[in-house]
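Enquirer: Here you go, data_18.csv (CSV, C-alpha atoms):
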```csv
chain,number,residue,atom,x,y,z
E,1,MET,CA,50.0,-48.7,-3.9
E,2,THR,CA,52.8,-50.7,-5.4
E,3,THR,CA,53.3,-51.2,-9.1
E,4,GLY,CA,55.7,-54.1,-9.1
E,5,LEU,CA,57.4,-52.4,-12.0
E,6,GLY,CA,61.1,-52.5,-12.8
E,7,VAL,CA,62.7,-50.6,-15.7
E,8,VAL,CA,65.9,-51.8,-17.3
E,9,ILE,CA,67.9,-49.1,-19.2
E,10,PRO,CA,70.9,-50.1,-21.4
E,11,ALA,CA,73.0,-47.0,-21.7
E,12,TYR,CA,76.1,-46.0,-23.8
E,13,GLN,CA,77.4,-42.5,-23.7
E,14,ALA,CA,74.0,-41.4,-22.4
E,15,GLU,CA,74.9,-38.6,-20.0
E,16,ARG,CA,72.7,-36.1,-21.9
E,17,THR,CA,69.5,-38.2,-22.0
E,18,LEU,CA,69.7,-40.6,-19.1
E,19,ALA,CA,68.1,-38.3,-16.4
E,20,ARG,CA,65.1,-37.8,-18.6
E,21,ALA,CA,64.6,-41.5,-19.2
E,22,VAL,CA,65.0,-42.3,-15.5
E,23,ALA,CA,62.5,-39.5,-14.5
E,24,SER,CA,60.0,-41.0,-16.9
E,25,ALA,CA,60.4,-44.4,-15.3
E,26,ARG,CA,59.9,-42.9,-11.8
E,27,ALA,CA,56.8,-41.1,-13.0
E,28,CYS,CA,55.4,-44.5,-13.9
E,29,GLY,CA,55.9,-45.7,-10.4
E,30,ALA,CA,58.9,-47.8,-11.1
E,31,GLU,CA,60.1,-49.4,-7.9
E,32,GLU,CA,63.4,-50.5,-9.4
E,33,VAL,CA,65.5,-48.9,-12.2
E,34,VAL,CA,68.5,-50.9,-13.4
E,35,VAL,CA,71.0,-49.0,-15.6
E,36,VAL,CA,73.6,-51.1,-17.5
E,37,ASP,CA,76.5,-48.9,-18.6
E,38,ASP,CA,77.8,-50.6,-21.7
E,39,GLY,CA,81.4,-49.4,-21.6
E,40,SER,CA,80.7,-45.6,-21.7
E,41,THR,CA,83.6,-43.2,-21.4
E,42,ASP,CA,81.4,-40.3,-20.2
E,43,SER,CA,79.6,-39.8,-16.9
E,44,THR,CA,76.8,-42.3,-17.6
E,45,ALA,CA,77.5,-44.6,-14.7
E,46,ALA,CA,78.1,-41.9,-12.2
E,47,LEU,CA,74.9,-40.1,-13.2
E,48,ALA,CA,72.9,-43.4,-12.9
E,49,ARG,CA,74.3,-43.9,-9.3
E,50,SER,CA,73.5,-40.3,-8.4
E,51,LEU,CA,69.9,-40.9,-9.6
E,52,GLY,CA,69.5,-43.8,-7.2
E,53,CYS,CA,69.5,-46.5,-9.9
E,54,THR,CA,71.0,-50.0,-9.5
E,55,THR,CA,74.0,-49.5,-11.8
E,56,LEU,CA,75.9,-52.2,-13.6
E,57,VAL,CA,79.1,-51.5,-15.6
E,58,GLN,CA,80.3,-53.8,-18.4
E,59,PRO,CA,82.8,-53.6,-21.2
E,60,ASN,CA,81.1,-52.4,-24.4
E,61,ALA,CA,79.2,-55.4,-25.8
E,62,GLY,CA,76.1,-53.8,-27.4
E,63,ALA,CA,72.5,-53.1,-26.4
E,64,ALA,CA,71.4,-56.8,-26.5
E,65,ALA,CA,74.0,-57.9,-24.0
E,66,ALA,CA,73.3,-54.9,-21.8
E,67,ARG,CA,69.6,-55.7,-21.8
E,68,ARG,CA,70.2,-59.3,-20.9
E,69,ALA,CA,72.4,-58.3,-18.0
E,70,GLY,CA,69.8,-55.8,-16.8
E,71,VAL,CA,67.0,-58.3,-16.9
E,72,ARG,CA,69.0,-60.8,-14.9
E,73,ALA,CA,69.7,-58.2,-12.3
E,74,CYS,CA,66.1,-56.9,-12.1
E,75,THR,CA,64.0,-58.4,-9.2
E,76,SER,CA,60.6,-56.8,-10.0
E,77,PRO,CA,57.6,-58.9,-11.2
E,78,ALA,CA,57.1,-56.8,-14.3
E,79,ILE,CA,59.8,-55.2,-16.5
E,80,VAL,CA,60.0,-52.6,-19.2
E,81,LEU,CA,63.1,-52.3,-21.4
E,82,LEU,CA,63.7,-48.5,-21.9
E,83,ASP,CA,66.4,-47.1,-24.1
E,84,ALA,CA,68.4,-44.3,-22.5
E,85,ASP,CA,67.1,-41.7,-25.1
E,86,ASP,CA,63.5,-42.7,-24.9
E,87,GLU,CA,60.7,-41.9,-22.3
E,88,LEU,CA,57.8,-43.7,-20.8
E,89,VAL,CA,54.3,-42.3,-20.6
E,90,PRO,CA,52.7,-43.1,-17.2
E,91,SER,CA,49.0,-43.5,-18.3
E,92,GLY,CA,50.0,-46.0,-21.0
E,93,VAL,CA,52.3,-48.0,-18.8
E,94,ALA,CA,49.6,-48.2,-16.2
E,95,ARG,CA,47.2,-49.5,-18.8
E,96,SER,CA,49.7,-52.1,-19.9
E,97,LEU,CA,50.3,-53.2,-16.3
E,98,SER,CA,46.5,-53.6,-15.8
E,99,LEU,CA,46.3,-56.1,-18.6
E,100,LEU,CA,48.8,-58.6,-17.1
E,101,PRO,CA,46.6,-60.2,-14.4
E,102,THR,CA,43.7,-60.7,-16.8
E,103,ARG,CA,45.1,-62.0,-20.1
E,104,GLY,CA,47.0,-65.2,-19.1
E,105,PRO,CA,50.6,-65.9,-17.8
E,106,GLY,CA,52.1,-65.5,-21.3
E,107,CYS,CA,50.6,-62.1,-22.0
E,108,ALA,CA,52.6,-58.9,-22.3
E,109,GLY,CA,50.8,-55.5,-22.3
E,110,VAL,CA,51.7,-53.1,-25.1
E,111,GLY,CA,50.8,-49.5,-25.8
E,112,GLY,CA,49.3,-49.5,-29.2
E,113,VAL,CA,50.5,-46.0,-30.0
E,114,THR,CA,54.1,-44.8,-29.8
E,115,LEU,CA,55.2,-41.2,-30.4
E,116,ALA,CA,58.2,-41.3,-32.8
E,117,VAL,CA,60.4,-38.3,-32.2
E,118,ALA,CA,62.4,-37.1,-35.3
E,119,PRO,CA,65.9,-35.5,-35.1
E,120,GLY,CA,64.3,-32.1,-35.6
E,121,GLY,CA,61.9,-32.6,-32.7
E,122,GLY,CA,58.8,-33.3,-34.6
E,123,GLU,CA,56.5,-36.1,-33.4
E,124,ARG,CA,54.2,-38.5,-35.1
E,125,ALA,CA,52.0,-41.2,-33.7
E,126,MET,CA,52.8,-44.7,-34.8
E,127,ARG,CA,49.8,-47.1,-34.4
E,128,ALA,CA,49.8,-50.8,-34.0
E,129,ARG,CA,47.9,-52.8,-36.7
E,130,ARG,CA,46.7,-55.6,-34.5
E,131,ARG,CA,45.1,-56.1,-31.1
E,132,ARG,CA,47.0,-59.3,-30.5
E,133,VAL,CA,50.3,-60.6,-31.8
E,134,HIS,CA,51.5,-64.2,-31.5
E,135,LEU,CA,54.8,-65.9,-32.4
E,136,ASP,CA,53.5,-66.9,-35.8
E,137,ASP,CA,52.7,-63.3,-36.6
E,138,LEU,CA,56.2,-62.1,-35.5
E,139,LEU,CA,57.9,-64.7,-37.7
E,140,ARG,CA,55.8,-63.9,-40.7
E,141,ASP,CA,56.2,-60.2,-40.3
E,142,GLY,CA,59.9,-60.2,-39.6
E,143,PHE,CA,59.9,-57.2,-37.3
E,144,ALA,CA,59.1,-56.1,-33.8
E,145,PRO,CA,55.6,-54.6,-33.5
E,146,GLY,CA,56.8,-51.5,-31.6
E,147,ALA,CA,59.5,-49.9,-29.6
E,148,PRO,CA,60.9,-52.0,-26.7
E,149,ALA,CA,59.6,-49.3,-24.2
E,150,ALA,CA,56.1,-49.9,-25.4
E,151,ILE,CA,56.0,-53.4,-23.9
E,152,VAL,CA,55.4,-54.4,-20.2
E,153,TRP,CA,56.7,-57.9,-19.7
E,154,ARG,CA,56.1,-60.4,-16.9
E,155,ALA,CA,59.5,-60.8,-15.4
E,156,PRO,CA,59.7,-64.6,-15.6
E,157,VAL,CA,58.9,-64.5,-19.3
E,158,LEU,CA,61.6,-62.0,-20.0
E,159,ARG,CA,64.2,-63.8,-17.8
E,160,ALA,CA,63.5,-67.0,-19.7
E,161,ALA,CA,64.0,-65.1,-22.9
E,162,VAL,CA,67.5,-63.9,-22.0
E,163,ALA,CA,68.6,-67.4,-21.0
E,164,ASP,CA,70.7,-69.6,-23.3
E,165,ALA,CA,68.0,-72.0,-24.5
E,166,PRO,CA,67.2,-72.1,-27.3
E,167,PRO,CA,70.5,-70.8,-28.6
E,168,GLY,CA,70.2,-67.2,-29.8
E,169,LEU,CA,71.8,-65.3,-32.6
E,170,TRP,CA,72.1,-62.0,-30.7
E,171,PRO,CA,73.2,-59.9,-33.7
E,172,ALA,CA,74.3,-56.3,-33.4
E,173,TYR,CA,71.2,-55.3,-35.4
E,174,ALA,CA,67.5,-56.2,-34.9
E,175,GLU,CA,68.2,-57.3,-31.3
E,176,ASP,CA,64.8,-55.9,-30.2
E,177,TYR,CA,63.1,-58.2,-32.7
E,178,GLU,CA,65.0,-61.3,-31.5
E,179,LEU,CA,64.2,-60.6,-27.8
E,180,THR,CA,60.5,-60.1,-28.6
E,181,VAL,CA,60.4,-63.4,-30.6
E,182,ARG,CA,62.1,-65.2,-27.7
E,183,ALA,CA,59.9,-63.7,-25.0
E,184,VAL,CA,56.5,-64.2,-26.8
E,185,GLY,CA,57.0,-67.9,-27.2
E,186,SER,CA,53.6,-69.6,-26.6
E,187,GLY,CA,52.1,-66.4,-25.2
E,188,HIS,CA,51.1,-63.2,-26.9
E,189,LEU,CA,51.3,-59.4,-27.0
E,190,GLU,CA,48.0,-57.7,-26.0
E,191,PHE,CA,47.6,-54.1,-27.3
E,192,HIS,CA,45.6,-51.2,-26.0
E,193,ASP,CA,45.0,-47.8,-27.5
E,194,GLU,CA,47.0,-45.5,-25.3
E,195,VAL,CA,50.5,-44.0,-25.8
E,196,SER,CA,53.0,-45.6,-23.5
E,197,ALA,CA,56.4,-44.5,-24.9
E,198,ARG,CA,58.2,-41.7,-26.8
E,199,TYR,CA,60.7,-43.3,-29.1
E,200,THR,CA,63.7,-41.3,-30.5
E,201,LEU,CA,64.5,-42.0,-34.1
E,202,ALA,CA,67.8,-40.2,-34.2
E,203,GLY,CA,70.9,-42.4,-33.8
E,204,GLY,CA,69.0,-45.8,-33.9
E,205,LYS,CA,70.8,-48.5,-35.8
E,206,SER,CA,67.8,-49.3,-37.9
E,207,THR,CA,67.6,-45.7,-39.0
E,208,GLU,CA,71.3,-45.3,-39.7
E,209,ASP,CA,71.8,-48.7,-41.5
E,210,PRO,CA,68.4,-50.2,-42.5
E,211,MET,CA,70.1,-52.7,-44.8
E,212,ARG,CA,71.9,-54.5,-42.0
E,213,SER,CA,68.8,-54.3,-39.8
E,214,ILE,CA,66.6,-56.0,-42.4
E,215,ALA,CA,69.3,-58.6,-43.1
E,216,ALA,CA,69.6,-59.4,-39.4
E,217,SER,CA,65.8,-59.6,-39.0
E,218,GLU,CA,65.6,-62.1,-41.9
E,219,ALA,CA,68.3,-64.2,-40.3
E,220,ILE,CA,66.4,-64.1,-37.0
E,221,ARG,CA,63.0,-65.0,-38.4
E,222,LEU,CA,64.4,-68.0,-40.3
E,223,HIS,CA,66.4,-69.2,-37.3
E,224,TYR,CA,63.4,-69.2,-34.9
E,225,ALA,CA,61.0,-70.5,-37.6
E,226,GLY,CA,63.3,-73.5,-37.6
E,227,VAL,CA,63.4,-73.7,-33.8
E,228,HIS,CA,59.6,-73.6,-33.5
E,229,ALA,CA,58.7,-75.4,-36.7
E,230,VAL,CA,56.8,-72.4,-38.1
E,231,PRO,CA,56.5,-72.6,-41.9
E,232,VAL,CA,58.0,-69.4,-43.3
E,233,ARG,CA,59.8,-68.9,-46.6
E,234,PRO,CA,63.0,-67.1,-47.1
E,235,ARG,CA,62.5,-63.7,-48.7
E,236,ALA,CA,64.0,-63.0,-52.1
E,237,PRO,CA,66.7,-60.3,-52.4
E,238,ARG,CA,64.2,-58.0,-54.2
E,239,ALA,CA,61.7,-58.4,-51.3
E,240,LEU,CA,64.4,-57.6,-48.8
E,241,ARG,CA,65.4,-54.5,-50.8
E,242,ALA,CA,61.8,-53.3,-50.8
E,243,ARG,CA,61.7,-53.6,-47.0
E,244,VAL,CA,64.9,-51.6,-46.7
E,245,LEU,CA,63.3,-48.8,-48.9
E,246,LEU,CA,60.1,-48.9,-46.9
E,247,ARG,CA,62.0,-48.7,-43.6
E,248,GLN,CA,63.8,-45.6,-45.0
E,249,ALA,CA,60.5,-44.1,-46.0
E,250,MET,CA,58.8,-44.8,-42.6
E,251,ASN,CA,61.8,-43.3,-40.8
E,252,LEU,CA,61.6,-40.2,-43.0
E,253,ARG,CA,57.8,-39.9,-42.5
E,254,ALA,CA,57.8,-40.5,-38.8
E,255,GLY,CA,58.8,-36.9,-37.9
E,256,GLY,CA,59.2,-35.1,-41.1
E,257,PRO,CA,56.8,-33.3,-43.4
E,258,ARG,CA,54.3,-35.3,-45.4
E,259,THR,CA,55.3,-33.4,-48.5
E,260,ASP,CA,58.9,-34.5,-48.5
E,261,PRO,CA,59.6,-35.7,-52.1
E,262,ARG,CA,62.0,-38.3,-50.9
E,263,TYR,CA,59.2,-40.2,-49.3
E,264,GLY,CA,57.3,-40.7,-52.5
E,265,ASP,CA,60.5,-41.7,-54.3
E,266,LEU,CA,61.3,-44.4,-51.8
E,267,ILE,CA,57.7,-45.8,-52.0
E,268,LEU,CA,57.9,-46.0,-55.8
E,269,ARG,CA,61.3,-47.7,-55.7
E,270,ALA,CA,59.9,-50.2,-53.1
E,271,ALA,CA,56.9,-50.9,-55.3
E,272,ALA,CA,59.2,-51.6,-58.3
E,273,ALA,CA,61.2,-54.1,-56.1
E,274,ASP,CA,58.2,-55.8,-54.5
E,275,PRO,CA,54.8,-54.7,-55.9
E,276,GLY,CA,52.8,-57.1,-53.8
E,277,LEU,CA,54.3,-55.9,-50.5
E,278,VAL,CA,53.6,-52.2,-51.2
E,279,ALA,CA,50.0,-53.0,-52.4
E,280,ALA,CA,49.4,-55.0,-49.2
E,281,MET,CA,50.8,-52.1,-47.2
E,282,ALA,CA,48.5,-49.6,-48.9
E,283,ALA,CA,45.4,-51.9,-48.5
E,284,ARG,CA,46.3,-52.3,-44.8
E,285,ARG,CA,46.5,-48.5,-44.4
E,286,VAL,CA,43.1,-48.1,-46.0
E,287,ARG,CA,41.6,-50.7,-43.7
E,288,ASP,CA,43.2,-49.1,-40.6
E,289,GLY,CA,41.9,-45.7,-41.7
E,290,LEU,CA,38.3,-47.1,-42.1
E,291,SER,CA,38.6,-48.8,-38.7
E,292,ARG,CA,39.7,-45.6,-37.0
E,293,ASP,CA,36.8,-43.7,-38.7
E,294,ARG,CA,34.3,-46.2,-37.5
E,295,LEU,CA,35.7,-46.1,-34.0
E,296,SER,CA,35.6,-42.3,-34.0
E,297,ARG,CA,32.0,-42.3,-35.2
E,298,ARG,CA,31.0,-44.7,-32.4
E,299,ARG,CA,32.7,-42.5,-29.8
E,300,ARG,CA,30.9,-39.4,-31.1
E,301,ARG,CA,27.6,-41.2,-30.9
E,302,ALA,CA,28.3,-42.3,-27.4
E,303,VAL,CA,28.8,-38.7,-26.2
E,304,PRO,CA,25.5,-37.4,-24.8
```
Would you write out, as structure tokens, the structure that this file holds?
Expert:
Amino acid sequence: MTTGLGVVIPAYQAERTLARAVASARACGAEEVVVVDDGSTDSTAALARSLGCTTLVQPNAGAAAARRAGVRACTSPAIVLLDADDELVPSGVARSLSLLPTRGPGCAGVGGVTLAVAPGGGERAMRARRRRVHLDDLLRDGFAPGAPAAIVWRAPVLRAAVADAPPGLWPAYAEDYELTVRAVGSGHLEFHDEVSARYTLAGGKSTEDPMRSIAASEAIRLHYAGVHAVPVRPRAPRALRARVLLRQAMNLRAGGPRTDPRYGDLILRAAAADPGLVAAMAARRVRDGLSRDRLSRRRRRAVP
């Protein structure tokens, strides 16, 4: 049985993690693995070739450029974008693939649970808030709804997204968000409840410099709101600052202890900067918790 799955891996100085990423792609039945070596000085390219991957080498231009080159080179009908330090989970990827034939030509299948891996090795499940996400949702939220590896795209959709129309910003930060906005277009993201990716927090740009990441996201959302005539308002500096603090808190919480005092301090500072945002986040968490409790009770009642 063929999967029709291709996996594109942008890689920079990835000799320590690349083999694990490629192995996870093969475990998902990937029939094509394209590795784009983004100007590494280690053995990344040689390792990719030894693993049987289609290997492209380019001068260092950043992850966004490497992904675009990989998508253009990939010939498979479905594509996952996998960072070189992340891993795919076969059952979740299979579930995402199963959604594509039934949800319309603009649909992408998304694992609604991602395992975030902290620098110390701890893991925490990050759950999607919605069952479906459209372009308007992305532009209102101002962030991608999950790790790139959690999404299985139809290849024509992704190839159109990396083309030159409409003109892109392609910043060094928040490139995942921009590509998601461009690829969703008139389609949507369809979420399921399975884990499809393990996402490494250590070394990510949004973890190391959330201020630049949030600023880039804001520029992207305003740019594409103009392109698509979606009515969104620019966020005030205090609102952007609150989002930076919340990003820091979420990064800390993803794999660290729940009792870390820095988490509470970041939340309080975010609430002082933008009380409405933090109140809405807290209400959403309560709703999500109630929804999970109801789902759990229904599942228990269904067990004979």
Enquirer: Near stretch 220-230 of chain E, within 9 Å and counting only C-alpha atoms, which residues show up once chain neighbours fewer than 6 positions away are dropped, as number ranges by chain?
Expert: E: 135-136, 138-143, 166, 168-171, 174, 177-178, 181-182, 185
Enquirer: Just how far from atom CA of E:Met281 is atom CA of E:Glu218, in Å to one decimal?
Expert: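 Atom CA of E:Met281 lies 18.6 Å from atom CA of E:Glu218.
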Enquirer: Report, in Å with one decimal, the straight-line distance from atom CA of E:Gly146 to atom CA of E:Asp83.
Expert: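 Spanning atom CA of E:Gly146 to atom CA of E:Asp83 is a straight-line distance of 13.0 Å.
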Enquirer: So how far away is atom CA of E:Arg198 from atom CA of E:Arg130, in Å?
Expert: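 Here the two named atoms are 19.6 Å from each other.
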Enquirer: Taking 4 positions as the minimum chain separation for residues in the same chain, which residues sit within 8 Å of E:Arg95 when counting all atoms listed in the file? Answer as a PyMOL selection string.
Expert: chain E and resi 91+99+109+111+192+194
Enquirer: Pick out the closest residue to E:Ala19 from this set: E:Gly70, E:Ala63, E:Gly92, E:Asp85. Count all atoms listed in the file.
Expert: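 Nearest to E:Ala19: E:Asp85.
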